[in-house]
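Structure data follow from my_file.cif (mmCIF, C-alpha atoms):
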```
data_work
loop_
_atom_site.label_atom_id
_atom_site.label_comp_id
_atom_site.auth_asym_id
_atom_site.auth_seq_id
_atom_site.Cartn_x
_atom_site.Cartn_y
_atom_site.Cartn_z
CA LEU R 15 0.00 0.00 0.00
CA ASP R 16 1.52 3.30 -1.11
CA ALA R 17 1.57 5.54 1.97
CA GLY R 18 2.80 8.53 -0.01
CA GLU R 19 5.61 10.85 1.01
CA TRP R 20 3.57 12.66 3.65
CA ARG R 21 2.37 9.74 5.81
CA VAL R 22 5.47 9.12 7.92
CA PRO R 23 5.31 7.18 11.21
CA ILE R 24 6.58 8.61 14.47
CA THR R 25 10.14 7.33 14.81
CA THR R 26 11.09 8.91 18.13
CA ALA R 27 10.10 7.34 21.44
CA TYR R 28 6.55 8.31 22.38
CA ASP R 29 7.71 9.73 25.71
CA GLN R 30 9.64 12.32 23.71
CA THR R 31 6.40 13.49 22.05
CA ASP R 32 3.04 14.84 23.24
CA LEU R 33 1.59 11.30 23.37
CA CYS R 34 1.01 9.39 26.61
CA PRO R 35 -0.06 5.78 27.26
CA VAL R 36 -3.85 5.53 27.63
CA ASN R 37 -4.40 1.77 27.90
CA VAL R 38 -2.64 -1.58 28.02
CA HIS R 39 -4.05 -4.86 26.72
CA TRP R 40 -2.74 -8.02 25.09
CA HIS R 41 -3.59 -10.61 22.49
CA LEU R 42 -3.42 -14.40 22.54
CA GLY R 43 -0.36 -15.12 20.43
CA ALA R 44 1.25 -12.47 18.25
CA GLU R 45 -0.71 -10.42 15.73
CA HIS R 46 2.51 -9.36 14.04
CA LEU R 47 4.81 -11.73 12.18
CA SER R 48 8.55 -11.79 12.92
CA VAL R 49 10.13 -14.76 11.15
CA GLY R 50 12.23 -16.80 13.56
CA GLU R 51 10.87 -14.94 16.58
CA PHE R 52 7.08 -15.30 16.44
CA ASP R 53 5.68 -17.09 13.43
CA GLU R 54 3.72 -20.15 12.29
CA HIS R 55 6.50 -22.46 13.54
CA GLY R 56 6.31 -21.25 17.13
CA LYS R 57 5.41 -23.55 20.03
CA GLY R 58 3.11 -23.41 23.03
CA PRO R 59 1.75 -25.39 25.97
CA VAL R 60 -1.61 -26.42 24.50
CA ALA R 61 -3.01 -27.31 21.11
CA PRO R 62 -4.31 -24.24 19.24
CA GLU R 63 -7.85 -25.66 19.07
CA THR R 64 -7.95 -25.69 22.88
CA TYR R 65 -8.88 -22.02 22.84
CA CYS R 66 -12.11 -22.85 21.09
CA ASP R 67 -12.81 -26.24 22.64
CA GLU R 68 -12.27 -25.43 26.31
CA ASN R 69 -11.50 -22.74 28.82
CA VAL R 70 -8.08 -23.00 30.44
CA ASP R 71 -9.81 -24.34 33.57
CA GLY R 72 -11.50 -27.12 31.62
CA GLY R 73 -14.96 -25.59 31.25
CA ARG R 74 -16.65 -25.79 27.88
CA ARG R 75 -16.78 -22.70 25.68
CA LEU R 76 -19.52 -21.65 23.33
CA ALA R 77 -18.40 -21.35 19.71
CA GLU R 78 -18.86 -17.58 19.70
CA GLU R 79 -16.49 -17.33 22.68
CA CYS R 80 -13.51 -18.74 20.80
CA THR R 81 -10.33 -16.71 21.20
CA ARG R 82 -8.25 -16.66 18.02
CA LEU R 83 -4.62 -17.66 18.55
CA GLY R 84 -1.98 -15.67 16.67
CA PHE R 85 1.64 -16.57 16.01
CA ARG R 86 3.80 -18.11 18.71
CA CYS R 87 7.36 -17.59 19.91
CA HIS R 88 10.00 -20.33 19.82
CA HIS R 89 11.04 -20.32 23.50
CA TYR R 90 8.64 -22.96 24.81
CA ASP R 91 10.30 -26.19 26.01
CA ALA R 92 8.06 -28.84 27.55
CA ALA R 93 11.07 -30.31 29.38
CA ASP R 94 11.86 -27.04 31.17
CA PRO R 95 9.72 -26.45 34.30
CA LYS R 96 9.69 -22.68 33.92
CA PHE R 97 7.42 -23.17 30.90
CA THR R 98 5.16 -25.79 32.48
CA THR R 99 4.85 -25.02 36.20
CA PRO R 100 1.41 -23.47 36.79
CA TYR R 101 1.22 -20.00 38.30
CA GLU R 102 -1.44 -18.94 40.79
CA TRP R 103 -2.94 -15.94 39.01
CA LYS R 104 -4.43 -13.38 41.37
CA HIS R 105 -5.34 -10.55 38.99
CA CYS R 106 -5.07 -11.59 35.30
CA THR R 107 -7.49 -14.20 33.96
CA ASN R 108 -7.37 -16.92 31.27
CA MET R 109 -3.57 -16.86 31.19
CA ILE R 110 -1.28 -19.88 30.69
CA VAL R 111 2.39 -20.24 31.55
CA GLY R 112 4.42 -21.04 28.42
CA GLU R 113 2.04 -19.24 26.08
CA THR R 114 2.80 -16.30 23.78
CA TYR R 115 1.09 -12.93 24.25
CA GLU R 116 1.52 -9.69 22.31
CA VAL R 117 1.11 -6.63 24.55
CA HIS R 118 -0.14 -3.31 23.15
CA TRP R 119 0.22 0.07 24.80
CA PRO R 120 -1.95 2.57 22.88
CA HIS R 121 -0.72 6.17 23.17
CA SER R 122 -2.53 9.39 22.31
CA ALA R 123 -2.00 13.12 22.33
CA ALA R 124 -5.71 13.42 23.14
CA GLY R 125 -5.47 11.33 26.31
CA ALA R 126 -6.08 12.55 29.84
CA CYS R 127 -2.31 12.65 30.27
CA GLY R 128 -1.05 13.13 33.81
CA THR R 129 -4.48 12.66 35.44
CA ASP R 130 -6.19 9.82 37.31
CA TRP R 131 -8.12 9.04 34.12
CA GLN R 132 -5.13 8.58 31.81
CA TYR R 133 -5.65 4.80 31.45
CA GLN R 134 -9.07 3.75 30.18
CA THR R 135 -10.95 0.73 28.84
CA PRO R 136 -11.97 0.43 26.07
CA PHE R 137 -8.82 2.01 24.73
CA TYR R 138 -10.75 4.23 22.31
CA ASP R 139 -12.05 6.13 25.35
CA GLY R 140 -8.50 6.98 26.30
CA VAL R 141 -7.35 7.69 22.75
CA PHE R 142 -10.14 10.21 22.10
CA CYS R 143 -10.55 11.60 25.61
CA HIS R 144 -10.11 15.25 24.54
CA ASP R 145 -11.77 16.80 21.50
CA GLY R 146 -9.97 18.92 18.95
CA VAL R 147 -6.65 17.07 19.02
CA VAL R 148 -7.09 14.07 16.68
CA ASN R 149 -8.51 14.70 13.23
CA ILE R 150 -9.68 11.68 11.19
CA LEU R 151 -10.69 13.96 8.31
CA THR R 152 -8.75 16.58 6.36
CA PRO R 153 -6.18 17.53 7.48
CA LEU R 154 -5.56 13.98 8.68
CA ASN R 155 -3.23 13.77 11.67
CA THR R 156 -3.99 10.37 13.25
CA TYR R 157 -0.51 8.98 12.51
CA LYS R 158 1.01 11.95 14.34
CA LYS R 159 -1.31 11.90 17.35
CA ILE R 160 -1.99 8.18 17.94
CA GLY R 161 0.62 5.47 18.33
CA VAL R 162 0.89 1.94 19.70
CA GLN R 163 3.85 0.18 21.27
CA SER R 164 3.91 -3.59 20.71
CA GLN R 165 6.07 -6.17 22.47
CA THR R 166 5.69 -9.95 22.41
CA PHE R 167 6.41 -12.28 25.32
CA THR R 168 6.46 -15.92 26.32
CA ILE R 169 5.22 -16.27 29.91
CA VAL R 170 7.48 -18.23 32.29
CA ASN R 171 7.14 -19.19 35.93
CA ASP R 172 10.58 -17.94 36.94
CA GLU R 173 11.27 -14.83 38.99
CA ASP R 174 14.60 -14.30 37.21
CA TYR R 175 12.42 -12.85 34.42
CA TYR R 176 10.45 -10.43 36.61
CA GLU R 177 9.73 -6.96 35.22
CA PRO R 178 8.27 -4.56 37.81
CA ASN R 179 6.30 -2.17 35.59
CA LEU R 180 4.88 -3.63 32.39
CA PHE R 181 1.92 -1.34 33.00
CA ALA R 182 3.87 1.81 32.08
CA GLY R 183 4.89 0.76 28.58
CA MET R 184 7.30 -1.19 26.42
CA ILE R 185 10.51 -2.36 28.06
CA VAL R 186 13.48 -0.58 26.50
CA ARG R 187 16.68 -2.01 27.95
CA ASP R 188 19.44 -4.34 26.80
CA GLU R 189 17.83 -6.55 24.10
CA PHE R 190 14.35 -5.20 24.83
CA GLY R 191 13.03 -2.65 22.35
CA THR R 192 16.17 -2.48 20.24
CA ASP R 193 15.18 -4.23 16.98
CA MET R 194 12.17 -2.11 16.08
CA ALA R 195 9.81 -1.79 13.11
CA MET R 196 7.89 1.50 12.80
CA TYR R 197 5.13 2.03 10.27
CA THR R 198 1.59 3.33 9.84
CA GLY R 199 -1.28 0.89 10.18
CA SER R 200 -4.65 0.58 11.87
CA THR R 201 -6.17 -0.67 15.08
CA THR R 202 -6.30 -4.45 15.44
CA GLY R 203 -8.30 -7.23 17.09
CA THR R 204 -10.56 -9.86 15.58
CA SER R 205 -13.18 -7.30 14.54
CA ARG R 206 -10.68 -6.26 11.82
CA ASP R 207 -9.46 -8.39 8.95
CA ASN R 208 -8.42 -8.07 5.32
CA ASP R 209 -12.00 -7.20 4.36
CA VAL R 210 -13.21 -5.12 7.32
CA CYS R 211 -10.97 -2.12 7.94
CA SER R 212 -10.67 0.25 10.89
CA ARG R 213 -11.90 3.81 10.39
CA PHE R 214 -9.16 5.00 12.77
CA ALA R 215 -6.18 4.83 10.46
CA PRO R 216 -3.43 5.45 9.78
CA ILE R 217 -1.83 5.37 13.23
CA THR R 218 1.82 4.82 14.10
CA TRP R 219 2.99 1.40 15.22
CA GLN R 220 6.32 0.80 16.98
CA VAL R 221 6.85 -2.97 17.14
CA ASP R 222 9.63 -4.90 18.85
CA ARG R 223 10.61 -7.67 16.44
CA THR R 224 12.10 -9.86 19.21
CA CYS R 225 10.19 -12.26 21.45
CA HIS R 226 11.16 -12.00 25.11
CA MET R 227 10.55 -14.12 28.16
CA VAL R 228 8.84 -12.50 31.14
CA SER R 229 7.57 -13.91 34.42
CA ALA R 230 3.91 -14.60 35.05
CA SER R 231 4.23 -12.43 38.15
CA SER R 232 5.16 -9.48 35.92
CA PHE R 233 1.84 -9.81 34.09
CA ASP R 234 -0.07 -10.29 37.33
CA LYS R 235 1.50 -7.12 38.74
CA MET R 236 0.39 -5.26 35.61
CA CYS R 237 -3.16 -6.53 36.08
CA GLU R 238 -3.08 -5.45 39.72
CA GLN R 239 -2.10 -1.94 38.60
CA MET R 240 -4.89 -1.97 36.01
CA LYS R 241 -7.42 -2.77 38.73
CA ALA R 242 -6.21 0.26 40.70
CA GLN R 243 -7.06 2.77 37.95
CA SER R 244 -9.93 5.25 38.22
CA ASP R 245 -11.50 3.80 35.07
CA ASP R 246 -12.74 0.20 35.14
CA MET R 247 -10.23 -1.87 33.14
CA LYS R 248 -11.66 -5.32 33.94
CA ASP R 249 -12.38 -5.99 30.25
CA ASP R 250 -8.64 -5.90 29.52
CA LEU R 251 -7.49 -8.30 32.25
CA TYR R 252 -7.51 -11.29 29.87
CA PRO R 253 -6.02 -11.98 26.42
CA HIS R 254 -8.00 -10.79 23.41
CA GLY R 255 -8.09 -12.72 20.15
CA SER R 256 -5.50 -12.00 17.47
CA ARG R 257 -6.52 -10.70 14.06
CA GLU R 258 -5.37 -12.51 10.96
CA LEU R 259 -2.11 -11.31 9.43
CA VAL R 260 -2.54 -8.24 7.24
CA ALA R 261 -2.34 -9.06 3.53
CA ASP R 262 0.79 -7.76 1.79
CA HIS R 263 -1.15 -5.43 -0.49
CA LEU R 264 -2.65 -3.68 2.55
CA VAL R 265 0.65 -3.10 4.37
CA ALA R 266 1.99 0.47 4.16
CA ASN R 267 5.30 0.82 2.33
CA ASN R 268 6.71 3.31 4.87
CA GLN R 269 8.33 0.94 7.39
CA GLN R 270 11.23 2.38 9.32
CA SER R 271 13.73 0.42 11.42
CA ARG R 272 15.64 1.18 14.56
#
```
Translate this file's structure into structure tokens.
Amino acid sequence: LDAGEWRVPITTAYDQTDLCPVNVHWHLGAEHLSVGEFDEHGKGPVAPETYCDENVDGGRRLAEECTRLGFRCHHYDAADPKFTTPYEWKHCTNMIVGETYEVHWPHSAAGACGTDWQYQTPFYDGVFCHDGVVNILTPLNTYKKIGVQSQTFTIVNDEDYYEPNLFAGMIVRDEFGTDMAMYTGSTTGTSRDNDVCSRFAPITWQVDRTCHMVSASSFDKMCEQMKAQSDDMKDDLYPHGSRELVADHLVANNQQSR
């Protein structure tokens, strides 16, 4: 998809702009494709059809409650207990040790930045909290005023992989957040596909191409922080389904790397 010369993604860190994080949520598996990191050859603790056949606690699911699994990372090893030892989740729900999850931190210049209402669910409430900032018509500025950070993890039950503040945004340290793809795209989720588009586009995406391991306790801490927000974030305390991979002809040709 020809993005033209004018539609350029934000390439600086969002905390160096007028954007602030307004939500955090995650998807079952990865929505993005990073060959050798998270792709169709990745591995996980349960068969993919499990997410339609059963809940993680063994209860039956209705067909319309299926959660679509995206791509998986390659870290999982059934012989290594950090991938198989169950974790006692206190705050997040429907999570499995050893599974892949892609975390999204939507950012917006129209958010309630610096207030008790900065983080909101659904994320659109946070993105469009203030009027007169984001313009989806002419002159279009969505790709300048809305951005998403994306980072993909395999969950392990090992405190050596603890991260204290996933809630605040993408980890940028050592190998985290160093191999980045930046481009303009749209919002995601299973309500979007290669036939049904999002009206809120283009927005900037900053995607970590590397899959990382992180402890289950790191996710549970994030969920605990979500519960403490002024807005009710309970509808983001579990993994959402992953959309199908965007067709090549719909991908913007303005990808930047860092």
For this session: Decode the PyMOL selection byres ((chain R and resi 227-233) around 6) for the given file into explicit residues and return them as a ChimeraX atom specification.
Result: /R:167-173,175-177,226,234-236
To test your reading of the syntax: which residues would the PyMOL selection byres ((chain R and resi 88) around 9) return for the file shown? Reply as a CSV table (one decimal) with C-alpha atoms, in the coordinates of the input.
```csv
chain,number,residue,atom,x,y,z
R,50,GLY,CA,12.2,-16.8,13.6
R,51,GLU,CA,10.9,-14.9,16.6
R,52,PHE,CA,7.1,-15.3,16.4
R,53,ASP,CA,5.7,-17.1,13.4
R,55,HIS,CA,6.5,-22.5,13.5
R,56,GLY,CA,6.3,-21.2,17.1
R,57,LYS,CA,5.4,-23.6,20.0
R,58,GLY,CA,3.1,-23.4,23.0
R,86,ARG,CA,3.8,-18.1,18.7
R,87,CYS,CA,7.4,-17.6,19.9
R,89,HIS,CA,11.0,-20.3,23.5
R,90,TYR,CA,8.6,-23.0,24.8
R,91,ASP,CA,10.3,-26.2,26.0
R,168,THR,CA,6.5,-15.9,26.3
R,225,CYS,CA,10.2,-12.3,21.4
```
For this session: Tell me, as a list in words, which residues lie within 8 Å of R:Val162, counting all atoms listed in the file; anything in the same chain fewer than 6 positions away does not count.
Result: His118, Trp119, Pro120, His121, Ile217, Thr218, Trp219 and Gln220 of chain R
Here atom CA of R:His46 and atom CA of R:Thr198 stand apart by 13.4 Å
Applying the PyMOL selection byres ((chain R and resi 82) around 6) to the file I just gave you, which residues come out? Please list them as a PyMOL selection string. chain R and resi 81+83+255-256
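Atom pair atom CA of R:Pro100 / atom CA of R:Arg223 has a distance of 27.4 Å (rounded to one decimal).
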*Would you work out the distance separating atom CA of R:Val117 from atom CA of R:Ser164, expressed in Å to one decimal?*
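Taking atom CA of R:Val117 as the start and atom CA of R:Ser164 as the end point, the length is 5.6 Å.
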Counting only C-alpha atoms, which residue out of R:Gln163, R:Ser200, R:Leu154, R:Gly191 sits closest to R:Val260?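 Among R:Gln163, R:Ser200, R:Leu154, R:Gly191, it is R:Ser200 that comes nearest to R:Val260.
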Considering all atoms listed in the file, return as a JSON list (two decimals) with C-alpha atoms, keeping the file's coordinate frame whatever protein or nucleic-acid residues lie within 8 Å of stretch 136-139 of chain R, sequence-local ones (same chain, fewer than 5 positions apart) excluded.
```
[["chain", "number", "residue", "atom", "x", "y", "z"],
["R", 36, "VAL", "CA", -3.85, 5.53, 27.63],
["R", 37, "ASN", "CA", -4.40, 1.77, 27.90],
["R", 38, "VAL", "CA", -2.64, -1.58, 28.02],
["R", 120, "PRO", "CA", -1.95, 2.57, 22.88],
["R", 247, "MET", "CA", -10.23, -1.87, 33.14],
["R", 249, "ASP", "CA", -12.38, -5.99, 30.25],
["R", 250, "ASP", "CA", -8.64, -5.90, 29.52]]
```
Exercise for the section: Using all atoms listed in the file, find the one residue out of R:Val221, R:Met184, R:Glu113, R:Met194 that sits nearest to R:Ala61. Expected result: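 For R:Ala61, the nearest of the candidates is R:Glu113.
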Item checked: Contact residues around stretch 22-28 of chain R with all atoms listed in the file at 7 Å, ignoring same-chain residues under 2 positions, as a list in words -> Trp20, Gln30, Thr31, Leu33, Tyr157, Lys158, Met196, Tyr197, Thr198, Thr218 and Asn268 of chain R
Can I get the selection written as an mmCIF file, in the frame of the given file, with C-alpha atoms?
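again_19.cif was written with the following content:
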```cif
data_model
loop_
_atom_site.group_PDB
_atom_site.id
_atom_site.type_symbol
_atom_site.label_atom_id
_atom_site.label_comp_id
_atom_site.auth_asym_id
_atom_site.auth_seq_id
_atom_site.Cartn_x
_atom_site.Cartn_y
_atom_site.Cartn_z
ATOM 1 C CA TRP R 20 3.570 12.660 3.650
ATOM 2 C CA GLN R 30 9.640 12.320 23.710
ATOM 3 C CA THR R 31 6.400 13.490 22.050
ATOM 4 C CA LEU R 33 1.590 11.300 23.370
ATOM 5 C CA TYR R 157 -0.510 8.980 12.510
ATOM 6 C CA LYS R 158 1.010 11.950 14.340
ATOM 7 C CA MET R 196 7.890 1.500 12.800
ATOM 8 C CA TYR R 197 5.130 2.030 10.270
ATOM 9 C CA THR R 198 1.590 3.330 9.840
ATOM 10 C CA THR R 218 1.820 4.820 14.100
ATOM 11 C CA ASN R 268 6.710 3.310 4.870
#
```
Would you place a box with edges along x, y and z of the file around all atoms of stretch 51-62 of chain R listed there, add 4 Å to each of its six sides, and report the centre and edge lengths in Å to one decimal, as JSON?
```
{"center_x": 3.3, "center_y": -21.1, "center_z": 19.1, "size_x": 23.2, "size_y": 20.4, "size_z": 21.7}
```
Query - Counting all atoms listed in the file, the option among R:Asp174, R:Asp32, R:Asp222, R:Glu238 closest to R:Thr192 - result: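 Closest residue, counting all atoms listed in the file: R:Asp222.
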